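This report refers to the structure that appears directly beneath it.
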Number of protein chains: 2
Amino acid sequence: MEPEDVFRTLADGTRRGLFERLAREGELSVSALTAGAGVSQPAVSQHLKALRLANLVGETRHGRTVLYRANPEGLRPLVDWMALYGRFWAARFDALEDLLNRMDQ
Amino acid sequence: MEPEDVFRTLADGTRRGLFERLAREGELSVSALTAGAGVSQPAVSQHLKALRLANLVGETRHGRTVLYRANPEGLRPLVDWMALYGRFWAARFDALEDLLNRMDQ
DNA sequence: CAATTACATAAGCAATGACTTATTTATCCG
DNA sequence: CGGATAAATAAGTCATTGCTTATGTAATTG
């Protein structure tokens, strides 16, 4: 997955809001997500499809309800991009990696 | 600056490409950026304006040329957002924030 | 089995946005 | 000065996109 996909998918506030709720609250059904999303259920389904195509959420069907959850690994392209193009941050990321390596030993 | 602004500004590939070039190559004029951007000079100027409004680039006028440079600090909303919503990544970003705070002292 | 519920898909519409060419503004130079 | 160059702005076009309502599909329930 390219940074392009992740940036574009998270650029919309409503869609990013859905991801945020899933990240905070864990597994949620479409109905649960629709309540409080401020848009219709089809709109939510369309956003969830976009998030799924960007590998940012996963789904499991339970009978007639579908539970969605955030897939944090989908954020990896963003992490990588920041490490590459953050420059100012990059040095600090490197320092972080050093720190992590030392912590892991 | 809100995460919204940064996500939306970096969502466009051409615009993000300009930021990337500035992050890699340092200060560049509009003409230099236009060469290799694949779009016209006005398009580049419009993208630079968007990047500037999102606090992602800075500019300095030198006679009739204007030098742009990346402002990595503008990525902070992204770092913060990832720390909040990355979950899996969160631990590492929290460690990063701690590290940054210690480095700043 | 018919009605209901959960969700996805279809179709259409209005707003946004990324581009273009044309023009403006400002600075440099012969 | 006057022409040329650098960049910004103006105006218009076309594609994308996020929303809506309407409908389809599948699973539960009475």
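Each chain in the structure tokens gets a letter, A, B, ..., in the order shown, and its residues are numbered from 1; ligands are numbered from 1 in order too.
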Contacts of DA11 of chain D at 12 Å or less, counting only C-alpha atoms (C1' of nucleotides), minus same-chain residues fewer than 5 places along, as number ranges by chain? C: 20-23
Go ahead and align chain B to chain A (same sequence, so just pair every C-alpha in order, least squares) and export the moved chain as a CSV table (one decimal) with N, CA and C atoms, in the first residue's frame.
```csv
chain,number,residue,atom,x,y,z
B,1,MET,N,1.9,-1.3,1.2
B,1,MET,CA,1.0,-0.1,1.1
B,1,MET,C,1.9,1.2,1.0
B,2,GLU,N,1.5,2.0,0.1
B,2,GLU,CA,2.2,3.3,-0.1
B,2,GLU,C,1.7,4.4,0.8
B,3,PRO,N,2.6,5.4,1.1
B,3,PRO,CA,2.1,6.6,1.8
B,3,PRO,C,0.9,7.2,1.1
B,4,GLU,N,1.0,7.2,-0.2
B,4,GLU,CA,-0.1,7.7,-1.0
B,4,GLU,C,-1.5,7.2,-0.6
B,5,ASP,N,-1.6,5.9,-0.4
B,5,ASP,CA,-2.9,5.3,0.0
B,5,ASP,C,-3.3,5.8,1.3
B,6,VAL,N,-2.4,5.8,2.3
B,6,VAL,CA,-2.7,6.2,3.6
B,6,VAL,C,-3.1,7.7,3.7
B,7,PHE,N,-2.3,8.5,3.0
B,7,PHE,CA,-2.7,10.0,3.0
B,7,PHE,C,-4.0,10.2,2.4
B,8,ARG,N,-4.2,9.6,1.2
B,8,ARG,CA,-5.5,9.8,0.5
B,8,ARG,C,-6.7,9.3,1.3
B,9,THR,N,-6.5,8.2,2.0
B,9,THR,CA,-7.6,7.6,2.7
B,9,THR,C,-7.9,8.4,3.9
B,10,LEU,N,-6.9,9.0,4.6
B,10,LEU,CA,-7.2,9.7,5.8
B,10,LEU,C,-7.5,11.2,5.5
B,11,ALA,N,-7.4,11.6,4.2
B,11,ALA,CA,-7.6,13.0,3.9
B,11,ALA,C,-9.1,13.4,4.1
B,12,ASP,N,-10.0,12.5,4.0
B,12,ASP,CA,-11.4,12.8,4.2
B,12,ASP,C,-11.8,12.8,5.6
B,13,GLY,N,-12.4,13.9,6.1
B,13,GLY,CA,-12.7,14.1,7.5
B,13,GLY,C,-13.7,13.0,8.1
B,14,THR,N,-14.7,12.8,7.3
B,14,THR,CA,-15.7,11.8,7.8
B,14,THR,C,-15.0,10.4,7.9
B,15,ARG,N,-14.2,10.0,6.9
B,15,ARG,CA,-13.5,8.7,7.0
B,15,ARG,C,-12.5,8.7,8.1
B,16,ARG,N,-11.8,9.8,8.2
B,16,ARG,CA,-10.8,9.8,9.3
B,16,ARG,C,-11.5,9.7,10.7
B,17,GLY,N,-12.6,10.4,10.7
B,17,GLY,CA,-13.4,10.3,12.0
B,17,GLY,C,-13.8,8.9,12.4
B,18,LEU,N,-14.1,8.1,11.4
B,18,LEU,CA,-14.5,6.7,11.6
B,18,LEU,C,-13.2,6.0,12.2
B,19,PHE,N,-12.1,6.2,11.6
B,19,PHE,CA,-10.9,5.5,12.1
B,19,PHE,C,-10.6,6.0,13.5
B,20,GLU,N,-10.8,7.2,13.8
B,20,GLU,CA,-10.5,7.8,15.1
B,20,GLU,C,-11.4,7.1,16.1
B,21,ARG,N,-12.7,7.0,15.8
B,21,ARG,CA,-13.6,6.3,16.7
B,21,ARG,C,-13.2,4.9,17.0
B,22,LEU,N,-12.8,4.2,15.9
B,22,LEU,CA,-12.4,2.8,16.1
B,22,LEU,C,-11.1,2.7,17.0
B,23,ALA,N,-10.2,3.7,16.8
B,23,ALA,CA,-9.0,3.7,17.5
B,23,ALA,C,-9.3,4.0,19.0
B,24,ARG,N,-10.2,4.8,19.3
B,24,ARG,CA,-10.5,5.2,20.7
B,24,ARG,C,-11.4,4.1,21.3
B,25,GLU,N,-12.5,3.7,20.6
B,25,GLU,CA,-13.5,2.9,21.3
B,25,GLU,C,-13.3,1.4,21.0
B,26,GLY,N,-12.4,1.0,20.2
B,26,GLY,CA,-12.2,-0.5,19.9
B,26,GLY,C,-13.1,-1.0,18.9
B,27,GLU,N,-13.7,-2.1,19.1
B,27,GLU,CA,-14.6,-2.7,18.0
B,27,GLU,C,-15.9,-2.1,18.0
B,28,LEU,N,-16.4,-1.8,16.8
B,28,LEU,CA,-17.7,-1.2,16.6
B,28,LEU,C,-18.4,-1.8,15.4
B,29,SER,N,-19.7,-1.9,15.4
B,29,SER,CA,-20.5,-2.4,14.3
B,29,SER,C,-20.7,-1.2,13.3
B,30,VAL,N,-21.1,-1.5,12.1
B,30,VAL,CA,-21.5,-0.5,11.2
B,30,VAL,C,-22.6,0.4,11.7
B,31,SER,N,-23.6,-0.2,12.3
B,31,SER,CA,-24.7,0.6,12.8
B,31,SER,C,-24.2,1.5,13.9
B,32,ALA,N,-23.4,1.0,14.8
B,32,ALA,CA,-22.8,1.9,15.8
B,32,ALA,C,-22.0,3.0,15.2
B,33,LEU,N,-21.3,2.7,14.2
B,33,LEU,CA,-20.5,3.8,13.6
B,33,LEU,C,-21.3,4.8,12.8
B,34,THR,N,-22.4,4.2,12.2
B,34,THR,CA,-23.3,5.1,11.5
B,34,THR,C,-24.0,6.2,12.4
B,35,ALA,N,-24.4,5.7,13.6
B,35,ALA,CA,-24.9,6.6,14.6
B,35,ALA,C,-23.8,7.5,15.0
B,36,GLY,N,-23.9,8.8,14.7
B,36,GLY,CA,-23.0,9.8,15.1
B,36,GLY,C,-22.0,10.1,14.0
B,37,ALA,N,-22.1,9.4,12.8
B,37,ALA,CA,-21.2,9.7,11.7
B,37,ALA,C,-21.6,10.9,10.9
B,38,GLY,N,-22.9,11.2,11.0
B,38,GLY,CA,-23.5,12.3,10.2
B,38,GLY,C,-23.7,12.1,8.8
B,39,VAL,N,-23.5,10.8,8.4
B,39,VAL,CA,-23.9,10.4,7.0
B,39,VAL,C,-24.6,9.1,7.0
B,40,SER,N,-25.1,8.7,5.9
B,40,SER,CA,-26.0,7.5,5.8
B,40,SER,C,-25.2,6.2,6.0
B,41,GLN,N,-25.8,5.1,6.2
B,41,GLN,CA,-25.2,3.8,6.4
B,41,GLN,C,-24.4,3.4,5.2
B,42,PRO,N,-24.9,3.6,4.0
B,42,PRO,CA,-24.1,3.2,2.8
B,42,PRO,C,-22.8,4.0,2.7
B,43,ALA,N,-22.9,5.3,3.1
B,43,ALA,CA,-21.7,6.1,3.1
B,43,ALA,C,-20.7,5.6,4.0
B,44,VAL,N,-21.1,5.2,5.2
B,44,VAL,CA,-20.2,4.6,6.2
B,44,VAL,C,-19.6,3.3,5.6
B,45,SER,N,-20.4,2.5,5.0
B,45,SER,CA,-19.9,1.2,4.4
B,45,SER,C,-18.8,1.5,3.4
B,46,GLN,N,-19.1,2.5,2.6
B,46,GLN,CA,-18.1,2.9,1.5
B,46,GLN,C,-16.8,3.4,2.1
B,47,HIS,N,-16.9,4.2,3.2
B,47,HIS,CA,-15.7,4.7,3.9
B,47,HIS,C,-14.9,3.5,4.5
B,48,LEU,N,-15.7,2.6,5.1
B,48,LEU,CA,-15.0,1.4,5.7
B,48,LEU,C,-14.3,0.6,4.7
B,49,LYS,N,-14.9,0.5,3.5
B,49,LYS,CA,-14.3,-0.3,2.4
B,49,LYS,C,-12.9,0.4,2.1
B,50,ALA,N,-13.0,1.7,2.0
B,50,ALA,CA,-11.7,2.4,1.6
B,50,ALA,C,-10.7,2.2,2.7
B,51,LEU,N,-11.1,2.3,4.0
B,51,LEU,CA,-10.2,2.1,5.1
B,51,LEU,C,-9.6,0.7,5.1
B,52,ARG,N,-10.4,-0.3,4.7
B,52,ARG,CA,-10.0,-1.6,4.7
B,52,ARG,C,-9.0,-1.9,3.6
B,53,LEU,N,-9.3,-1.3,2.4
B,53,LEU,CA,-8.3,-1.4,1.2
B,53,LEU,C,-7.0,-0.7,1.6
B,54,ALA,N,-7.0,0.3,2.4
B,54,ALA,CA,-5.7,0.9,2.8
B,54,ALA,C,-5.1,0.2,4.0
B,55,ASN,N,-5.7,-0.9,4.4
B,55,ASN,CA,-5.2,-1.7,5.5
B,55,ASN,C,-5.2,-0.9,6.9
B,56,LEU,N,-6.2,0.0,7.0
B,56,LEU,CA,-6.3,0.8,8.2
B,56,LEU,C,-7.3,0.3,9.2
B,57,VAL,N,-8.2,-0.6,8.7
B,57,VAL,CA,-9.1,-1.3,9.6
B,57,VAL,C,-9.2,-2.8,9.3
B,58,GLY,N,-9.7,-3.6,10.2
B,58,GLY,CA,-10.0,-5.0,10.0
B,58,GLY,C,-11.4,-5.2,10.4
B,59,GLU,N,-12.0,-6.4,10.0
B,59,GLU,CA,-13.3,-6.6,10.2
B,59,GLU,C,-13.5,-8.1,10.7
B,60,THR,N,-14.5,-8.3,11.5
B,60,THR,CA,-14.9,-9.7,11.8
B,60,THR,C,-16.4,-9.8,11.7
B,61,ARG,N,-16.9,-10.7,11.0
B,61,ARG,CA,-18.4,-11.0,10.9
B,61,ARG,C,-18.9,-11.7,12.1
B,62,HIS,N,-19.9,-11.2,12.8
B,62,HIS,CA,-20.6,-12.0,13.9
B,62,HIS,C,-22.1,-12.1,13.5
B,63,GLY,N,-22.5,-13.2,12.9
B,63,GLY,CA,-23.8,-13.3,12.5
B,63,GLY,C,-24.1,-12.2,11.4
B,64,ARG,N,-25.1,-11.4,11.6
B,64,ARG,CA,-25.3,-10.4,10.6
B,64,ARG,C,-24.7,-9.0,10.9
B,65,THR,N,-24.0,-8.9,12.0
B,65,THR,CA,-23.3,-7.7,12.3
B,65,THR,C,-21.8,-7.9,12.0
B,66,VAL,N,-21.2,-6.8,11.5
B,66,VAL,CA,-19.8,-6.9,11.2
B,66,VAL,C,-19.1,-5.9,12.1
B,67,LEU,N,-18.1,-6.4,12.9
B,67,LEU,CA,-17.4,-5.6,13.8
B,67,LEU,C,-16.1,-5.1,13.1
B,68,TYR,N,-15.9,-3.8,13.2
B,68,TYR,CA,-14.7,-3.2,12.6
B,68,TYR,C,-13.7,-2.8,13.7
B,69,ARG,N,-12.5,-2.8,13.5
B,69,ARG,CA,-11.5,-2.3,14.4
B,69,ARG,C,-10.4,-1.6,13.7
B,70,ALA,N,-9.7,-0.7,14.4
B,70,ALA,CA,-8.6,0.0,13.8
B,70,ALA,C,-7.4,-0.9,13.7
B,71,ASN,N,-6.6,-0.8,12.6
B,71,ASN,CA,-5.4,-1.5,12.5
B,71,ASN,C,-4.2,-0.5,12.5
B,72,PRO,N,-3.7,-0.2,13.7
B,72,PRO,CA,-2.7,0.9,13.8
B,72,PRO,C,-1.5,0.6,13.0
B,73,GLU,N,-1.2,-0.7,12.7
B,73,GLU,CA,-0.1,-1.1,11.9
B,73,GLU,C,-0.2,-0.4,10.5
B,74,GLY,N,-1.4,-0.2,10.1
B,74,GLY,CA,-1.6,0.4,8.8
B,74,GLY,C,-1.1,1.8,8.7
B,75,LEU,N,-0.7,2.4,9.9
B,75,LEU,CA,-0.2,3.8,9.9
B,75,LEU,C,1.3,3.8,9.6
B,76,ARG,N,1.9,2.6,9.5
B,76,ARG,CA,3.4,2.5,9.4
B,76,ARG,C,3.9,3.3,8.2
B,77,PRO,N,3.2,3.3,7.0
B,77,PRO,CA,3.7,4.1,5.9
B,77,PRO,C,3.8,5.5,6.3
B,78,LEU,N,2.9,6.0,7.2
B,78,LEU,CA,3.0,7.4,7.6
B,78,LEU,C,4.2,7.6,8.5
B,79,VAL,N,4.4,6.7,9.4
B,79,VAL,CA,5.6,6.8,10.3
B,79,VAL,C,6.9,6.9,9.5
B,80,ASP,N,6.9,5.9,8.5
B,80,ASP,CA,8.1,5.9,7.7
B,80,ASP,C,8.3,7.2,6.9
B,81,TRP,N,7.2,7.6,6.4
B,81,TRP,CA,7.3,8.9,5.6
B,81,TRP,C,7.8,10.0,6.4
B,82,MET,N,7.2,10.1,7.6
B,82,MET,CA,7.6,11.2,8.5
B,82,MET,C,9.1,11.1,8.8
B,83,ALA,N,9.6,9.9,9.0
B,83,ALA,CA,11.0,9.7,9.4
B,83,ALA,C,11.8,10.2,8.2
B,84,LEU,N,11.3,10.0,7.0
B,84,LEU,CA,12.1,10.4,5.8
B,84,LEU,C,12.1,11.9,5.6
B,85,TYR,N,10.9,12.5,5.7
B,85,TYR,CA,10.7,13.8,5.2
B,85,TYR,C,10.4,14.9,6.2
B,86,GLY,N,10.4,14.4,7.5
B,86,GLY,CA,10.1,15.4,8.5
B,86,GLY,C,11.3,16.3,8.9
B,87,ARG,N,12.5,15.8,8.5
B,87,ARG,CA,13.7,16.6,8.9
B,87,ARG,C,13.8,16.9,10.3
B,88,PHE,N,13.2,18.0,10.7
B,88,PHE,CA,13.3,18.4,12.1
B,88,PHE,C,12.8,17.3,13.0
B,89,TRP,N,11.7,16.6,12.6
B,89,TRP,CA,11.2,15.5,13.3
B,89,TRP,C,12.0,14.2,13.1
B,90,ALA,N,12.8,14.2,12.1
B,90,ALA,CA,13.4,13.0,11.6
B,90,ALA,C,14.2,12.4,12.7
B,91,ALA,N,15.0,13.2,13.5
B,91,ALA,CA,15.8,12.6,14.5
B,91,ALA,C,15.0,11.8,15.5
B,92,ARG,N,13.9,12.4,15.8
B,92,ARG,CA,13.0,11.7,16.8
B,92,ARG,C,12.4,10.4,16.3
B,93,PHE,N,12.1,10.5,15.0
B,93,PHE,CA,11.5,9.3,14.4
B,93,PHE,C,12.5,8.2,14.2
B,94,ASP,N,13.7,8.6,13.9
B,94,ASP,CA,14.8,7.6,13.8
B,94,ASP,C,15.0,7.0,15.1
B,95,ALA,N,15.0,7.8,16.1
B,95,ALA,CA,15.1,7.2,17.5
B,95,ALA,C,14.0,6.3,17.8
B,96,LEU,N,12.8,6.7,17.3
B,96,LEU,CA,11.6,5.8,17.5
B,96,LEU,C,11.8,4.5,16.8
B,97,GLU,N,12.3,4.5,15.6
B,97,GLU,CA,12.5,3.3,14.8
B,97,GLU,C,13.5,2.4,15.5
B,98,ASP,N,14.6,3.0,16.0
B,98,ASP,CA,15.6,2.2,16.7
B,98,ASP,C,14.9,1.5,17.9
B,99,LEU,N,14.1,2.4,18.7
B,99,LEU,CA,13.5,1.9,19.9
B,99,LEU,C,12.6,0.7,19.5
B,100,LEU,N,11.8,0.9,18.4
B,100,LEU,CA,10.9,-0.2,18.0
B,100,LEU,C,11.6,-1.4,17.7
B,101,ASN,N,12.7,-1.3,17.0
B,101,ASN,CA,13.5,-2.5,16.6
B,101,ASN,C,14.0,-3.2,17.9
B,102,ARG,N,14.4,-2.4,18.9
B,102,ARG,CA,14.9,-3.0,20.1
B,102,ARG,C,13.8,-3.7,20.9
B,103,MET,N,12.6,-3.0,20.8
B,103,MET,CA,11.4,-3.5,21.6
B,103,MET,C,11.0,-4.8,20.9
B,104,ASP,N,11.1,-4.9,19.6
B,104,ASP,CA,10.6,-6.1,18.9
B,104,ASP,C,11.5,-7.3,19.1
B,105,GLN,N,12.7,-7.1,19.7
B,105,GLN,CA,13.6,-8.2,19.8
B,105,GLN,C,13.5,-8.9,21.2
```
Neighbouring residues of DT23 of chain D were defined as those with any atom within 12 Å, considering only C-alpha atoms (C1' of nucleotides); residues of the same chain fewer than 3 positions away were excluded. Please report them as a PyMOL selection string. (chain A and resi 42) or (chain C and resi 8-11)
For the residues in that selection, give me N, CA and C atoms (P, O5', C5', C4', C3', O3' and C1' of nucleotides) as a compact mmCIF listing (two decimals), in the first residue's frame.
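Result file part06.txt:
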```txt
# COMPACT_ATOMS: atom_id res chain seq x y z
N PRO A 42 -25.63 4.46 4.35
CA PRO A 42 -24.88 4.19 3.12
C PRO A 42 -23.57 4.96 3.05
P DA C 8 -21.35 -3.16 4.99
O5' DA C 8 -22.02 -3.36 3.54
C5' DA C 8 -22.18 -4.68 3.04
C4' DA C 8 -22.70 -4.62 1.61
C3' DA C 8 -21.89 -3.73 0.67
O3' DA C 8 -21.69 -4.43 -0.54
C1' DA C 8 -24.17 -3.06 0.66
P DT C 9 -20.76 -3.84 -1.66
O5' DT C 9 -21.80 -3.24 -2.71
C5' DT C 9 -22.76 -4.10 -3.28
C4' DT C 9 -23.77 -3.28 -4.07
C3' DT C 9 -23.16 -2.34 -5.11
O3' DT C 9 -23.75 -2.66 -6.35
C1' DT C 9 -24.82 -1.25 -3.86
P DA C 10 -23.27 -1.90 -7.66
O5' DA C 10 -24.48 -0.89 -7.92
C5' DA C 10 -25.82 -1.36 -7.75
C4' DA C 10 -26.80 -0.33 -8.30
C3' DA C 10 -26.23 0.58 -9.38
O3' DA C 10 -27.28 0.84 -10.31
C1' DA C 10 -26.88 1.89 -7.51
P DA C 11 -26.98 1.57 -11.69
O5' DA C 11 -27.53 3.04 -11.42
C5' DA C 11 -28.78 3.18 -10.71
C4' DA C 11 -29.09 4.64 -10.50
C3' DA C 11 -28.44 5.58 -11.52
O3' DA C 11 -29.39 6.58 -11.84
C1' DA C 11 -27.81 6.23 -9.35
```
Mind pulling up the distance from atom C1' of DC1 of chain D to atom C1' of DT24 of chain C?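 Distance between the two atoms: 19.9 Å.
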Just the strand (DSSP E or B) stuff from chain A, please, per backbone DSSP, written as a ChimeraX atom specification. /A:28-29,57-62,65-70
Next, write the just-selected residues to a file, as a PDB file, in the first residue's frame, keeping N, CA and C atoms as the atom set.
```
ATOM      1  N   LEU A  28     -16.775  -2.328  16.208  1.00  0.00           N
ATOM      2  CA  LEU A  28     -18.079  -1.669  16.168  1.00  0.00           C
ATOM      3  C   LEU A  28     -18.821  -2.102  14.907  1.00  0.00           C
ATOM      4  N   SER A  29     -20.130  -2.225  15.043  1.00  0.00           N
ATOM      5  CA  SER A  29     -20.971  -2.560  13.894  1.00  0.00           C
ATOM      6  C   SER A  29     -21.217  -1.303  13.065  1.00  0.00           C
ATOM      7  N   VAL A  57      -8.882  -0.824   7.908  1.00  0.00           N
ATOM      8  CA  VAL A  57      -9.802  -1.521   8.798  1.00  0.00           C
ATOM      9  C   VAL A  57      -9.993  -2.955   8.313  1.00  0.00           C
ATOM     10  N   GLY A  58     -10.442  -3.799   9.231  1.00  0.00           N
ATOM     11  CA  GLY A  58     -10.803  -5.168   8.895  1.00  0.00           C
ATOM     12  C   GLY A  58     -12.239  -5.398   9.315  1.00  0.00           C
ATOM     13  N   GLU A  59     -12.858  -6.456   8.816  1.00  0.00           N
ATOM     14  CA  GLU A  59     -14.249  -6.706   9.128  1.00  0.00           C
ATOM     15  C   GLU A  59     -14.461  -8.186   9.415  1.00  0.00           C
ATOM     16  N   THR A  60     -15.456  -8.458  10.236  1.00  0.00           N
ATOM     17  CA  THR A  60     -15.894  -9.829  10.466  1.00  0.00           C
ATOM     18  C   THR A  60     -17.406  -9.857  10.486  1.00  0.00           C
ATOM     19  N   ARG A  61     -17.962 -10.758   9.701  1.00  0.00           N
ATOM     20  CA  ARG A  61     -19.417 -10.896   9.666  1.00  0.00           C
ATOM     21  C   ARG A  61     -19.886 -11.770  10.821  1.00  0.00           C
ATOM     22  N   HIS A  62     -20.883 -11.301  11.537  1.00  0.00           N
ATOM     23  CA  HIS A  62     -21.522 -12.103  12.593  1.00  0.00           C
ATOM     24  C   HIS A  62     -23.015 -12.094  12.322  1.00  0.00           C
ATOM     25  N   THR A  65     -24.919  -8.772  11.193  1.00  0.00           N
ATOM     26  CA  THR A  65     -24.142  -7.574  11.539  1.00  0.00           C
ATOM     27  C   THR A  65     -22.680  -7.802  11.175  1.00  0.00           C
ATOM     28  N   VAL A  66     -22.033  -6.738  10.764  1.00  0.00           N
ATOM     29  CA  VAL A  66     -20.623  -6.808  10.389  1.00  0.00           C
ATOM     30  C   VAL A  66     -19.824  -5.942  11.360  1.00  0.00           C
ATOM     31  N   LEU A  67     -18.876  -6.559  12.016  1.00  0.00           N
ATOM     32  CA  LEU A  67     -18.049  -5.816  12.964  1.00  0.00           C
ATOM     33  C   LEU A  67     -16.779  -5.341  12.281  1.00  0.00           C
ATOM     34  N   TYR A  68     -16.525  -4.059  12.396  1.00  0.00           N
ATOM     35  CA  TYR A  68     -15.300  -3.481  11.844  1.00  0.00           C
ATOM     36  C   TYR A  68     -14.329  -3.191  12.974  1.00  0.00           C
ATOM     37  N   ARG A  69     -13.038  -3.259  12.636  1.00  0.00           N
ATOM     38  CA  ARG A  69     -12.022  -2.855  13.619  1.00  0.00           C
ATOM     39  C   ARG A  69     -10.890  -2.155  12.881  1.00  0.00           C
ATOM     40  N   ALA A  70     -10.198  -1.294  13.596  1.00  0.00           N
ATOM     41  CA  ALA A  70      -9.068  -0.585  13.007  1.00  0.00           C
ATOM     42  C   ALA A  70      -7.911  -1.550  12.805  1.00  0.00           C
TER      43      ALA A  70
END
```
Which parts of segment 13-94 of chain A does DSSP call helix (DSSP H, G or I) when run on the backbone here, written out as number ranges by chain? A: 13-25, 30-34, 41-53, 72-85, 88-94
What are the residues of chain D that have an atom within 12 Å of an atom of chain A, counting only C-alpha atoms (C1' of nucleotides), as a list in words?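 Here is what falls inside 12 Å: DT17, DG18, DC19, DT20, DT21, DA22, DT23, DT25, DA26, DA27 and DT28 of chain D.
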Within 12 Å of DA3 of chain C using only C-alpha atoms (C1' of nucleotides), minus same-chain residues under 2 positions, as an NGL selection string: (:C and (1 or 5)) or (:D and (28-30))
Write the selection just made, keeping all heavy atoms, as a CSV table (one decimal), in the first residue's frame?
```csv
chain,number,residue,atom,x,y,z
C,1,DC,P,-41.5,-21.1,2.3
C,1,DC,OP1,-41.9,-20.6,1.0
C,1,DC,OP2,-40.3,-20.6,2.9
C,1,DC,O5',-42.7,-21.0,3.3
C,1,DC,C5',-44.0,-20.6,2.8
C,1,DC,C4',-44.3,-19.3,3.4
C,1,DC,O4',-43.8,-19.2,4.8
C,1,DC,C3',-43.7,-18.1,2.7
C,1,DC,O3',-44.6,-17.0,2.9
C,1,DC,C2',-42.4,-17.8,3.5
C,1,DC,C1',-43.0,-18.1,4.9
C,1,DC,N1,-42.0,-18.4,5.9
C,1,DC,C2,-42.1,-17.8,7.2
C,1,DC,O2,-43.0,-17.0,7.4
C,1,DC,N3,-41.1,-18.0,8.1
C,1,DC,C4,-40.1,-18.9,7.8
C,1,DC,N4,-39.2,-19.1,8.8
C,1,DC,C5,-40.0,-19.5,6.6
C,1,DC,C6,-40.9,-19.2,5.7
C,5,DT,P,-37.6,-3.9,12.5
C,5,DT,OP1,-38.0,-3.8,14.0
C,5,DT,OP2,-38.0,-2.9,11.5
C,5,DT,O5',-36.1,-4.2,12.4
C,5,DT,C5',-35.6,-5.4,13.1
C,5,DT,C4',-34.2,-5.7,12.5
C,5,DT,O4',-34.4,-6.3,11.1
C,5,DT,C3',-33.3,-4.5,12.3
C,5,DT,O3',-32.1,-4.7,13.0
C,5,DT,C2',-33.0,-4.5,10.8
C,5,DT,C1',-33.4,-5.9,10.3
C,5,DT,N1,-33.8,-6.0,8.9
C,5,DT,C2,-33.2,-7.0,8.2
C,5,DT,O2,-32.3,-7.7,8.6
C,5,DT,N3,-33.6,-7.1,6.9
C,5,DT,C4,-34.6,-6.3,6.3
C,5,DT,O4,-35.0,-6.5,5.1
C,5,DT,C5,-35.2,-5.3,7.2
C,5,DT,C7,-36.3,-4.4,6.6
C,5,DT,C6,-34.8,-5.2,8.4
D,28,DT,P,-28.2,-15.2,11.0
D,28,DT,OP1,-27.1,-15.0,12.0
D,28,DT,OP2,-28.4,-16.6,10.4
D,28,DT,O5',-29.6,-14.8,11.8
D,28,DT,C5',-29.5,-13.7,12.7
D,28,DT,C4',-30.9,-13.2,12.8
D,28,DT,O4',-31.6,-13.2,11.5
D,28,DT,C3',-31.8,-13.9,13.8
D,28,DT,O3',-32.1,-13.1,14.9
D,28,DT,C2',-33.1,-14.2,12.9
D,28,DT,C1',-32.9,-13.3,11.8
D,28,DT,N1,-33.6,-13.6,10.5
D,28,DT,C2,-34.8,-13.0,10.2
D,28,DT,O2,-35.3,-12.2,10.9
D,28,DT,N3,-35.3,-13.4,9.0
D,28,DT,C4,-34.8,-14.3,8.1
D,28,DT,O4,-35.4,-14.6,7.0
D,28,DT,C5,-33.6,-14.9,8.5
D,28,DT,C7,-32.9,-16.0,7.6
D,28,DT,C6,-33.0,-14.6,9.7
D,29,DT,P,-32.9,-13.7,16.1
D,29,DT,OP1,-32.6,-12.8,17.3
D,29,DT,OP2,-32.7,-15.1,16.2
D,29,DT,O5',-34.4,-13.4,15.7
D,29,DT,C5',-34.8,-12.1,15.4
D,29,DT,C4',-36.3,-12.1,15.1
D,29,DT,O4',-36.6,-12.5,13.8
D,29,DT,C3',-37.1,-13.0,16.0
D,29,DT,O3',-38.4,-12.4,16.3
D,29,DT,C2',-37.4,-14.2,15.1
D,29,DT,C1',-37.6,-13.5,13.8
D,29,DT,N1,-37.4,-14.4,12.6
D,29,DT,C2,-38.3,-14.2,11.5
D,29,DT,O2,-39.2,-13.4,11.5
D,29,DT,N3,-38.0,-15.0,10.4
D,29,DT,C4,-37.0,-15.9,10.3
D,29,DT,O4,-36.9,-16.6,9.3
D,29,DT,C5,-36.2,-16.1,11.5
D,29,DT,C7,-35.1,-17.1,11.4
D,29,DT,C6,-36.4,-15.3,12.5
D,30,DG,P,-39.0,-12.7,17.7
D,30,DG,OP1,-38.7,-11.7,18.7
D,30,DG,OP2,-38.7,-14.1,18.0
D,30,DG,O5',-40.6,-12.6,17.4
D,30,DG,C5',-41.0,-11.6,16.5
D,30,DG,C4',-42.3,-12.1,15.7
D,30,DG,O4',-41.9,-12.8,14.6
D,30,DG,C3',-43.2,-12.9,16.6
D,30,DG,O3',-44.5,-12.6,16.4
D,30,DG,C2',-42.9,-14.3,16.1
D,30,DG,C1',-42.6,-14.1,14.6
D,30,DG,N9,-41.7,-15.1,14.0
D,30,DG,C8,-40.6,-15.6,14.6
D,30,DG,N7,-39.9,-16.5,13.9
D,30,DG,C5,-40.6,-16.5,12.7
D,30,DG,C6,-40.4,-17.2,11.5
D,30,DG,O6,-39.5,-18.0,11.2
D,30,DG,N1,-41.4,-16.9,10.5
D,30,DG,C2,-42.4,-16.0,10.7
D,30,DG,N2,-43.2,-15.8,9.7
D,30,DG,N3,-42.6,-15.3,11.8
D,30,DG,C4,-41.7,-15.6,12.8
```
Could you check how far atom C1' of DA14 of chain C sits from atom C1' of DT13 of chain D, in Å to one decimal? 16.3 Å
